[in-house]
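> A single structure is presented below for examination.
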Amino acid sequence: MSAPAAEKIFGRPESLKDVATHYCPGCGHSVAHRLVAECLDEMGLREKTIGVPPVGCAVLAYNYFNFDMVEAPHGRALAVATGIKRVRPDSFVLTYQGDGDLAAIGTAETIHAANRGELISCIFINNAIYGMTGGQMAPTTIIGEVTTTTPGGREAKAHGSPIDISRMLAVCEGAVYIERCTLNSFKGIKQAKKAIRKCFQVQVDGLGFGLVELLSPCPTNMKMSPKQAWQWIDNQMMKTYPLGLIKDTTGYEDK
Amino acid sequence: MSAPAAEKIFGRPESLKDVATHYCPGCGHSVAHRLVAECLDEMGLREKTIGVPPVGCAVLAYNYFNFDMVEAPHGRALAVATGIKRVRPDSFVLTYQGDGDLAAIGTAETIHAANRGELISCIFINNAIYGMTGGQMAPTTIIGEVTTTTPGGREAKAHGSPIDISRMLAVCEGAVYIERCTLNSFKGIKQAKKAIRKCFQVQVDGLGFGLVELLSPCPTNMKMSPKQAWQWIDNQMMKTYPLGLIKDTTGYEDK
Amino acid sequence: MAKGYIKIDRDRCKGCHLCIDVCPRKVIEVSKELNKTGYAPAQFIEKPEDGKGCTACTMCAVVCPDLAIEVYRAK
Amino acid sequence: MAKGYIKIDRDRCKGCHLCIDVCPRKVIEVSKELNKTGYAPAQFIEKPEDGKGCTACTMCAVVCPDLAIEVYRAK
Amino acid sequence: MPSEKKLMRGSDTLAEAAVRAGCRFFSGYPITPQNELPEYLSWRLPQAGGTFIQAESELSAINMVLGAAATGARALTSSSSPGVSLKQEGISYLAGQELPAVVANMMRGGPGLGNIAASAADYFQATRGGGHGDYRTPVLAPAGCQELAELTFLAFDLADKYRTPVMLLGDGLIGQVMEPVVFPDPIDPADLPPKDYILDGCAGRAPRAIFSMLLGQQGELYKHNLHLQEKYEQITADEQRWEENLTEDADIIAVAYGTASRIAMSAVEELRAEGVKAGLFRPITLWPYPKQALRKLAQGGVKVAVFELSAGQMVEDVMLSVGERAEIHFYGIPGGVIPTPADVIDFLRSALKGDGKVGRRVEI
Amino acid sequence: MPSEKKLMRGSDTLAEAAVRAGCRFFSGYPITPQNELPEYLSWRLPQAGGTFIQAESELSAINMVLGAAATGARALTSSSSPGVSLKQEGISYLAGQELPAVVANMMRGGPGLGNIAASAADYFQATRGGGHGDYRTPVLAPAGCQELAELTFLAFDLADKYRTPVMLLGDGLIGQVMEPVVFPDPIDPADLPPKDYILDGCAGRAPRAIFSMLLGQQGELYKHNLHLQEKYEQITADEQRWEENLTEDADIIAVAYGTASRIAMSAVEELRAEGVKAGLFRPITLWPYPKQALRKLAQGGVKVAVFELSAGQMVEDVMLSVGERAEIHFYGIPGGVIPTPADVIDFLRSALKGDGKVGRRVEI
Amino acid sequence: MLVRTQFAGFGGQGVLLMGYVLSNGAMLKGLNVTFFPSYGAEMRGGTANCMVTLSDKKIASPVGSQADILVAMNGPSLDKFEPTVAKGGLIVLNQSLIKWGPKRQDVEVFSVPLVDLAREAGSERAANMVMIGAVCAKRDLLPLEDVVKGMQAAMKGKDKFFALNTKGIQRGFTFAQTGK
Amino acid sequence: MLVRTQFAGFGGQGVLLMGYVLSNGAMLKGLNVTFFPSYGAEMRGGTANCMVTLSDKKIASPVGSQADILVAMNGPSLDKFEPTVAKGGLIVLNQSLIKWGPKRQDVEVFSVPLVDLAREAGSERAANMVMIGAVCAKRDLLPLEDVVKGMQAAMKGKDKFFALNTKGIQRGFTFAQTGK
Ligand SMILES: Cc1ncc(C[n+]2csc(CCOP(=O)(O)OP(=O)(O)O)c2C)c(N)n1
Ligand SMILES: Cc1ncc(C[n+]2csc(CCOP(=O)(O)OP(=O)(O)O)c2C)c(N)n1
Ligand code: SF4
Ligand code: SF4
Ligand code: SF4
Ligand code: SF4
Ligand code: SF4
Ligand code: SF4
Ligand SMILES: [Mg+2]
Ligand SMILES: [Mg+2]
């Protein structure tokens, strides 16, 4: 099927190694990885980047991303990243965190890094579940969602309500850009990439803390096909987590 | 100066032991203790109450309050209180926490207890400082405030901005009542008492998590006279932390 | 005659003097003698010069951090 | 003639079939043979029945989680 | 009436045994290899009228347990190595406040994130107190599901008896293996002896306070510590547990606990089949360590061969027990690799020969 | 050029020495009795072009240090007992990821909240790893401000040399006492040997990754652990430090470290003045423990008298060093009471007589 | 008597269930049994395995130096576990997926055309039941009725599968006993 | 020579500063010195104390079994520390606040009318300087100029107090040497 005079218009970004990942079929992590890599490539940041993947399904991200990385203990990504950025202010520092990591065990680290206005870009993969450990309730698990620790579905009274950490972070002065996007559609992915770029720009411009929340399918733990997982995000998850800009004090001209 | 036919109209509530406290002259903790005790008395809750003072200047509160209490490790008051309330849902459970405790080391515990909508009443003493350890910057320390770890005054860039944890908590579904009051005036103290009563009522009625934030003078660490400390709250602290109702989904008729 | 009076527990008082500031009738003053703990306590002026005296408004007691003040209303 | 075409890396493909769902031209299908890892990979339909074929819209590649698709535009 | 025999996974066994032992409160945070335990309790505890909370972190979990214990509930938390490290402050508080609780650690490979295979490298942490201050926690090390069920009951009993946190020390294998289990009779929490220190509201009595800060200038903390030490001496005197297998006539005695002891026992059996006089000493309480019992065996030229799923931690207790009374050899597998009986056979043979090929001789 | 002599508090000494040793990153959370240290660094580090961060917790602090260390900075965190318990997971990660850092613990009375007086009850935690997994950290125990200054330099050097977290173990007294100090020459971080593992962006080289998870089925974690153990053996062989005072002709040798050793030395001096042949053995590295050095002294009927500000922790290392070569006596003061030389004199006298009146005989 | 059986294959092949059925059957027959599954991240990448140990005496180690029987449901599993089989042991192969045989000469090899047999039993989804039947029959681990009892215990509450599964187990027994 | 001096009093009385001045003076004179203050929560409730140890040899313990000198700035401090003074030791009293004497008979007692002397020196705020001067003179701990040097080192940057403080120290010396 080779055509002599064809132009490759979609291929692998340099910031991503040419290896297979361990992610399950249809997993949003894989897509998010690519978007991050594409943005770094396009912005020429790869060689300045230090990434911090904490524990979660993406703990092995250092096997896939083609730049410097250090594993953080579960929940501590933003503390580790703070140490890095303060020592090397010229580096581009990003964390790549799951919802359990960022909004449960790491709540304090997340909020205080944002509150300090650390010049860090945070990619927040909200799949409403603890992926790596096998599908327990996450702080972001939505009401009614069945998980291995909410076998009857999450109930607000017994298990608490899904946490909207992005909106909480918006209260922090130091957080200047927060947007919620999704990875369950072509359009969503396109928009997610725009948001990631903008988030990175915020750090490059030294404005403050930036975060992009990505609604992300975890077909394995939802016990769904990838397609069903996409639909579930549309029909269920977005009700709890409406897409859109949550905070923007960057002063950038709209895009 | 004894007058035969005089009526005592202000005295010690039963929920407070008749002992001297270790608090410094003019300290807001002492006032807050009394308000809590008065409300418990008035609402007939003393014998059902279990209080949780974590580490901070009020760690010895069990020496002053006249009801059951358990010391919590620094920052963990709301986790300890959760354990108590879940085992004894008929008890009245309150935490009494400093700003360092509640909004720094205990951030995660605070947010998740609120988010779970635990039926707990939280008294939050915001004195913008770490009192017990000798005046280090607290998460709530305001911009420009001199502390032993911000000798040049707090700067947003280096130290982060003062955190408005009450507004963050308002994002949590489970938090149904949050109000900010102050202890630096007669009027303020009166209003604070009203808020505490309402907060307690929220628990009695099983509505969700309630919190009253009290701006509180720490003359010792501010290196001010009690009067100056009062003025400082008026002139400085309230700019960062405006008084008033922050969230109320109780549906109570106005008070 | 004064409508009320207060009792100050000298040895509970920590000398913060907030009561003195808030008293609308200015019927509280700083004692010249230190108390047991070494503070200069507040003391009630039973017979103020203007003859008006305490109204039992409780403001002093409400602001007193150390519960050193009891307020009585004359019947 | 088709404006473009795609290449699917059979062995990188994890058989999620999201590309098949999004392709507006329906020129991707499930392969009958499993790949090395045991998944049923997607495969490109070079010559679809309606004769229109791939437009190089990249939708399949954008949604592909495993970077198994490269898109080429005919020049 | 004991339950009927059921094939059960270790984690589920612990969970079910806890409920039957009267535990009515669990709080934990997911971590492999013990996730089945909270998953089981997430439906089982509510069924039994108890509370299951998935906490936002291990820190929160241990402190919820502290609160539950303060109100008198039998309370459990569970985790695996990194998560247990995070609980150390809380365990120290529980010890200082003299509150009973059971903490399960299904150890995995470390340090750091390590891996999720069975390991036993948290022995020091468990037996010496990874937290701060002079405290000790009884540590029970089951070697199989049936014993796990029984030791879970014991853990809650010891916790209440001595008002202390108790550790159940398992590992990835114990957590995951399935074996037939018969559970002891269930205990109704209402039938447990009342506790006179708990918080339940001060109606009709003076208020109580539970705390660990003792600032007094009269050495209050010192006195409290002497009290704790007396308690620990009592536990040391009364609560040592161990098992001896084929030790009477042994030329070499393997010392191992938990999963390692199972593997070692297979090795001992195979060696016996070949006529080698091997035996096994299996500590069940790691603290208090069955020091005298082991010492008694260390005589008459017997060799002591310590086998651990670690780089060498329990071996210190063996040295402190045996002293120079017998030759001590050590073989350890750190880092989440599960060895086979053949590895242990090689070790025991090498130790007997003294050729130093597998493991090493250790000396005080 | 060394500094001029200045009267300095221990906490300030550590802080100033760290800056002079090239430390450019500190993160910590307030806790008595070491608050002066972060307070000092809050102005001193920025002055030196470094970063001071008051973290939101000890957990965050140790992990900020992890990040700073990963980028190559000499990094310090400091706390006291409960706060150090919270750092245990992070320390285990640092060990697993082989990142250098210095962790200071100014121990206070425990367990739980305890009190803020000098104590030494975190010996086990420091020397055995309160965190999970098979790791060890070098532990340096200064006995005075001048030594504290020097050991702070050493701590950073050892950390870099062995790519390991190093603990500085002080206590409330060491942290608060003021003594004249002369600081060694300051080190410019730019002059330190380059580190080939750090993260500074992959321009012109392959990307690097720093991690501790080793899931591979080929025993990757096992191999990593063997590597770590080799390193620890190296440290054990090369880095033992101790001090002997009046031990040559001694009939009784006190063994004590840190603050306890100061008190013990006063006791020894007073006893010598009375003609009693007492001496002092003072371990400076608690891990690796100066085992052979102590053992060498344990002969000819000398008695070994262990004195600790705890209920008995280092005494295990003494037992493991001395074995049955000498009589070992122990006297411990747990819980934040500072004993006086007179207490130790009583103990040494009692141990000499063997009347068991103060302290107790311990035996393997 | 002490028999260790290693089951290995893809995640979707019901590998753990085979072990679980065998374990339950053995327990119900009064044997001692241990079942040790692979778990967690080990299972990512789609592989699964477990070791079942049966004995009439107390079982010391739930993991063995060697397996007496290896049940290999796919090629990679055969490659991985072939070396761990004891001399004279048995390797049972899923012939439908494994096209090449083991390299070992010192073991017995028994190939089972799983997919075909399962189809005969009613559905491809019964393949693992066919296999467990074949294995038990081949080495006389358990009589047919105990395997069926084990299956019923293992799948408690999923009664609707009992009939199909029983057929699968029977088909495996028949094949092992008759070679067809 | 090894002298341990215990300073004790209210928080506001400059107790720690006295010890710090003495320590600095001793160091500048070339002596070995340790200064151990009370700290943290111990200081709540308004009390403060510290122990200064001076020696021409290396100082072993910074805390002693006994104090050679006790400087008691108020009654409670005297009560608390009186028993810790060595036989034949010295107790220096702030006569302006302590109306009763120590119970001990085996120690020397030296009462200093601090407030009066400080006023004479220029201000009540120099009371602690008067005291340190008196103590140093009484037991010949340091010559006047070394105490002054110590004060200057201890109060580095606060030069405006030097003159008053020096006068205070001098006044203390004079009182100790002349009894008036
Ligand atoms: C201290 C600690 N606690 C728990 C774990 C186990 N653990 C690993 S990842 C994880 C949660 C993963 O969920 P999330 O952060 O949402 O990431 P995902 O896998 O869903 O992408 C947990 C609980 C751990 N490694 N360390
Ligand atoms: C784990 C731990 N870290 C630190 C401390 C020390 N500490 C005690 S109270 C406190 C902060 C007190 O500030 P806040 O909570 O605002 O209470 P306040 O004293 O101002 O009322 C700190 C840091 C501790 N006890 N435990
Ligand atoms: S478990 Fe979920 S989040 Fe993890 S790799 Fe699989 S699909 Fe992705
Ligand atoms: S230090 Fe501040 S908060 Fe603490 S008791 Fe004194 S005035 Fe109150
Ligand atoms: S307010 Fe109370 S404590 Fe303050 S001076 Fe008046 S009586 Fe004393
Ligand atoms: S009651 Fe009112 S008038 Fe009377 S003393 Fe108090 S403040 Fe003054
Ligand atoms: S989207 Fe990618 S991985 Fe999924 S089926 Fe298509 S080519 Fe395969
Ligand atoms: S590029 Fe567009 S048209 Fe072509 S295969 Fe992909 S989705 Fe279909
Ligand atoms: Mg997740
Ligand atoms: Mg505060």
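Ligands are numbered from 1 in the order shown, chains are lettered A, B, ... in the order of the structure tokens, and residues start at 1 in each chain.
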Skipping near chain neighbours, those fewer than 6 positions away, what residues fall within 12 Å of Asp50 of chain C using only C-alpha atoms, listed as a list in words?
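Contacts, in chain order: Met1, Ala2, Arg25, Lys26 and Val27 of chain C.
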> I need the residues from that last selection saved to file as a PDB file, in the first residue's frame (with all heavy atoms), if you can.

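Output file result36.pdb follows:
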```
ATOM      1  N   MET C   1     -28.171  55.024  90.454  1.00  0.00           N
ATOM      2  CA  MET C   1     -27.292  53.935  90.898  1.00  0.00           C
ATOM      3  C   MET C   1     -26.952  52.987  89.746  1.00  0.00           C
ATOM      4  O   MET C   1     -27.711  52.869  88.799  1.00  0.00           O
ATOM      5  CB  MET C   1     -27.971  53.147  92.028  1.00  0.00           C
ATOM      6  CG  MET C   1     -26.999  52.732  93.114  1.00  0.00           C
ATOM      7  SD  MET C   1     -27.448  51.156  93.901  1.00  0.00           S
ATOM      8  CE  MET C   1     -27.563  50.016  92.593  1.00  0.00           C
ATOM      9  N   ALA C   2     -25.838  52.297  89.874  1.00  0.00           N
ATOM     10  CA  ALA C   2     -25.422  51.373  88.818  1.00  0.00           C
ATOM     11  C   ALA C   2     -26.417  50.230  88.669  1.00  0.00           C
ATOM     12  O   ALA C   2     -26.952  49.738  89.661  1.00  0.00           O
ATOM     13  CB  ALA C   2     -24.028  50.813  89.130  1.00  0.00           C
ATOM     14  N   ARG C  25     -18.604  51.986  79.817  1.00  0.00           N
ATOM     15  CA  ARG C  25     -18.680  52.896  80.952  1.00  0.00           C
ATOM     16  C   ARG C  25     -17.312  53.194  81.554  1.00  0.00           C
ATOM     17  O   ARG C  25     -17.220  53.936  82.526  1.00  0.00           O
ATOM     18  CB  ARG C  25     -19.595  52.293  82.039  1.00  0.00           C
ATOM     19  CG  ARG C  25     -21.062  52.266  81.618  1.00  0.00           C
ATOM     20  CD  ARG C  25     -21.531  53.681  81.228  1.00  0.00           C
ATOM     21  NE  ARG C  25     -22.893  53.693  80.771  1.00  0.00           N
ATOM     22  CZ  ARG C  25     -23.920  54.058  81.532  1.00  0.00           C
ATOM     23  NH1 ARG C  25     -23.724  54.454  82.762  1.00  0.00           N
ATOM     24  NH2 ARG C  25     -25.144  54.044  81.049  1.00  0.00           N
ATOM     25  N   LYS C  26     -16.316  52.586  81.013  1.00  0.00           N
ATOM     26  CA  LYS C  26     -14.947  52.798  81.519  1.00  0.00           C
ATOM     27  C   LYS C  26     -14.869  52.551  83.033  1.00  0.00           C
ATOM     28  O   LYS C  26     -14.296  53.346  83.775  1.00  0.00           O
ATOM     29  CB  LYS C  26     -14.462  54.232  81.197  1.00  0.00           C
ATOM     30  CG  LYS C  26     -14.400  54.535  79.705  1.00  0.00           C
ATOM     31  CD  LYS C  26     -13.343  53.715  79.010  1.00  0.00           C
ATOM     32  CE  LYS C  26     -13.588  53.554  77.503  1.00  0.00           C
ATOM     33  NZ  LYS C  26     -13.108  52.292  76.951  1.00  0.00           N
ATOM     34  N   VAL C  27     -15.464  51.463  83.450  1.00  0.00           N
ATOM     35  CA  VAL C  27     -15.455  51.164  84.885  1.00  0.00           C
ATOM     36  C   VAL C  27     -14.517  49.980  85.209  1.00  0.00           C
ATOM     37  O   VAL C  27     -14.706  49.289  86.202  1.00  0.00           O
ATOM     38  CB  VAL C  27     -16.875  50.894  85.432  1.00  0.00           C
ATOM     39  CG1 VAL C  27     -17.669  52.202  85.462  1.00  0.00           C
ATOM     40  CG2 VAL C  27     -17.587  49.823  84.600  1.00  0.00           C
TER      41      VAL C  27
END
```
> Select from chain E every residue with an atom at most 10 Å from any atom of chain A, then for each give the shortest pair of atoms and their distance in Å to one decimal, using only C-alpha atoms, rows by chain and rising number, as JSON lines.

```
{"residue": "E:Tyr29", "atom": "CA", "partner": "A:Ile105", "partner_atom": "CA", "distance": 8.7}
{"residue": "E:Pro30", "atom": "CA", "partner": "A:Thr133", "partner_atom": "CA", "distance": 6.7}
{"residue": "E:Ile31", "atom": "CA", "partner": "A:Thr133", "partner_atom": "CA", "distance": 6.2}
{"residue": "E:Thr32", "atom": "CA", "partner": "A:Thr133", "partner_atom": "CA", "distance": 6.1}
{"residue": "E:Pro33", "atom": "CA", "partner": "A:Thr133", "partner_atom": "CA", "distance": 8.7}
{"residue": "E:Gln34", "atom": "CA", "partner": "A:Thr133", "partner_atom": "CA", "distance": 9.6}
{"residue": "E:Asn35", "atom": "CA", "partner": "A:Thr133", "partner_atom": "CA", "distance": 7.3}
{"residue": "E:Glu36", "atom": "CA", "partner": "A:Thr148", "partner_atom": "CA", "distance": 8.7}
{"residue": "E:Leu37", "atom": "CA", "partner": "A:Thr149", "partner_atom": "CA", "distance": 9.9}
{"residue": "E:Pro38", "atom": "CA", "partner": "A:Thr149", "partner_atom": "CA", "distance": 6.9}
{"residue": "E:Glu39", "atom": "CA", "partner": "A:Thr149", "partner_atom": "CA", "distance": 4.8}
{"residue": "E:Tyr40", "atom": "CA", "partner": "A:Thr149", "partner_atom": "CA", "distance": 7.9}
{"residue": "E:Leu41", "atom": "CA", "partner": "A:Thr149", "partner_atom": "CA", "distance": 8.2}
{"residue": "E:Ser42", "atom": "CA", "partner": "A:Thr149", "partner_atom": "CA", "distance": 5.3}
{"residue": "E:Trp43", "atom": "CA", "partner": "A:Pro151", "partner_atom": "CA", "distance": 7.0}
{"residue": "E:Thr51", "atom": "CA", "partner": "A:Ala158", "partner_atom": "CA", "distance": 9.0}
{"residue": "E:Phe52", "atom": "CA", "partner": "A:Ala158", "partner_atom": "CA", "distance": 8.7}
{"residue": "E:Ile53", "atom": "CA", "partner": "A:His159", "partner_atom": "CA", "distance": 7.2}
{"residue": "E:Gln54", "atom": "CA", "partner": "A:His159", "partner_atom": "CA", "distance": 7.7}
{"residue": "E:Ala55", "atom": "CA", "partner": "A:Ala104", "partner_atom": "CA", "distance": 8.3}
{"residue": "E:Glu56", "atom": "CA", "partner": "A:Ala104", "partner_atom": "CA", "distance": 4.7}
{"residue": "E:Ser57", "atom": "CA", "partner": "A:Ile105", "partner_atom": "CA", "distance": 4.6}
{"residue": "E:Glu58", "atom": "CA", "partner": "A:Ile105", "partner_atom": "CA", "distance": 7.8}
{"residue": "E:Leu59", "atom": "CA", "partner": "A:Ile105", "partner_atom": "CA", "distance": 8.6}
{"residue": "E:Ser60", "atom": "CA", "partner": "A:Ile105", "partner_atom": "CA", "distance": 8.9}
{"residue": "E:Pro82", "atom": "CA", "partner": "A:Pro73", "partner_atom": "CA", "distance": 8.7}
{"residue": "E:Gly83", "atom": "CA", "partner": "A:His74", "partner_atom": "CA", "distance": 9.4}
{"residue": "E:Gly112", "atom": "CA", "partner": "A:Pro73", "partner_atom": "CA", "distance": 7.7}
{"residue": "E:Leu113", "atom": "CA", "partner": "A:Pro73", "partner_atom": "CA", "distance": 7.2}
```
> For chain E, which residue out of G:Leu2, G:Ala48, G:Met129, G:Ile59 is the nearest one, using only C-alpha atoms?
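With only C-alpha atoms as the atom set, the closest residue is G:Ile59.
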> Determine which residues of chain E sit within 7 Å of chain G, taking into account only C-alpha atoms, and present them as a list of chain:residue names.
E:Leu7, E:Thr32, E:Gln176, E:Val177, E:Met178, E:Glu179, E:Pro180, E:Arg262, E:Ile263, E:Met265, E:Ser266, E:Thr340, E:Pro341, E:Ala342
> Would you give me, as CSV, each residue of chain C having an atom within 10 Å of an atom of chain B, along with its shortest atom pair and that distance in Å to one decimal, using only C-alpha atoms and sorting by chain and residue number?

```
residue,atom,partner,partner_atom,distance
C:Lys3,CA,B:Ala6,CA,9.6
C:Gly4,CA,B:Ala6,CA,7.8
C:Tyr5,CA,B:Met1,CA,8.2
C:Ile6,CA,B:Met1,CA,8.9
C:Lys7,CA,B:Met1,CA,8.2
C:Asp11,CA,B:Ala20,CA,9.1
C:Arg12,CA,B:Ala20,CA,6.3
C:Cys13,CA,B:Pro25,CA,8.4
C:Lys14,CA,B:Pro25,CA,5.2
C:Gly15,CA,B:Pro25,CA,6.5
C:Cys16,CA,B:Pro25,CA,5.1
C:His17,CA,B:Pro226,CA,7.7
C:Leu18,CA,B:Lys227,CA,6.4
C:Cys19,CA,B:Phe186,CA,9.9
C:Asp21,CA,B:Lys227,CA,8.0
C:Val22,CA,B:Phe186,CA,7.7
C:Tyr39,CA,B:Pro25,CA,9.2
C:Phe44,CA,B:Met1,CA,9.9
C:Glu46,CA,B:Met1,CA,7.7
C:Ala56,CA,B:Ile9,CA,8.1
C:Cys57,CA,B:Ile9,CA,9.5
C:Thr58,CA,B:Phe10,CA,7.0
C:Met59,CA,B:Phe186,CA,6.2
C:Cys60,CA,B:Phe186,CA,8.3
C:Ala61,CA,B:Phe10,CA,7.0
C:Val62,CA,B:Phe186,CA,6.6
C:Val63,CA,B:Phe186,CA,5.9
C:Cys64,CA,B:Val31,CA,7.1
C:Pro65,CA,B:Val31,CA,4.7
C:Asp66,CA,B:Ser30,CA,6.1
C:Leu67,CA,B:Arg12,CA,6.8
C:Ala68,CA,B:Gly11,CA,8.9
C:Ile69,CA,B:Gly11,CA,7.4
C:Glu70,CA,B:Gly11,CA,5.1
C:Val71,CA,B:Phe10,CA,5.0
C:Tyr72,CA,B:Lys8,CA,4.3
C:Arg73,CA,B:Glu7,CA,5.2
C:Ala74,CA,B:Ala6,CA,4.4
C:Lys75,CA,B:Ala6,CA,5.3
```
> Within 7 Å of segment 193-197 of chain B, counting only C-alpha atoms, which residues show up once you throw out same-chain ones fewer than 5 positions away? Write them as a PyMOL selection string, please.
chain B and resi 35-36+39+179+212
> Which one of D:Gln43, D:Arg10, D:Thr37, D:Glu49 sits closest to chain G if you count only C-alpha atoms?
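The answer is D:Thr37, which sits nearest to chain G.
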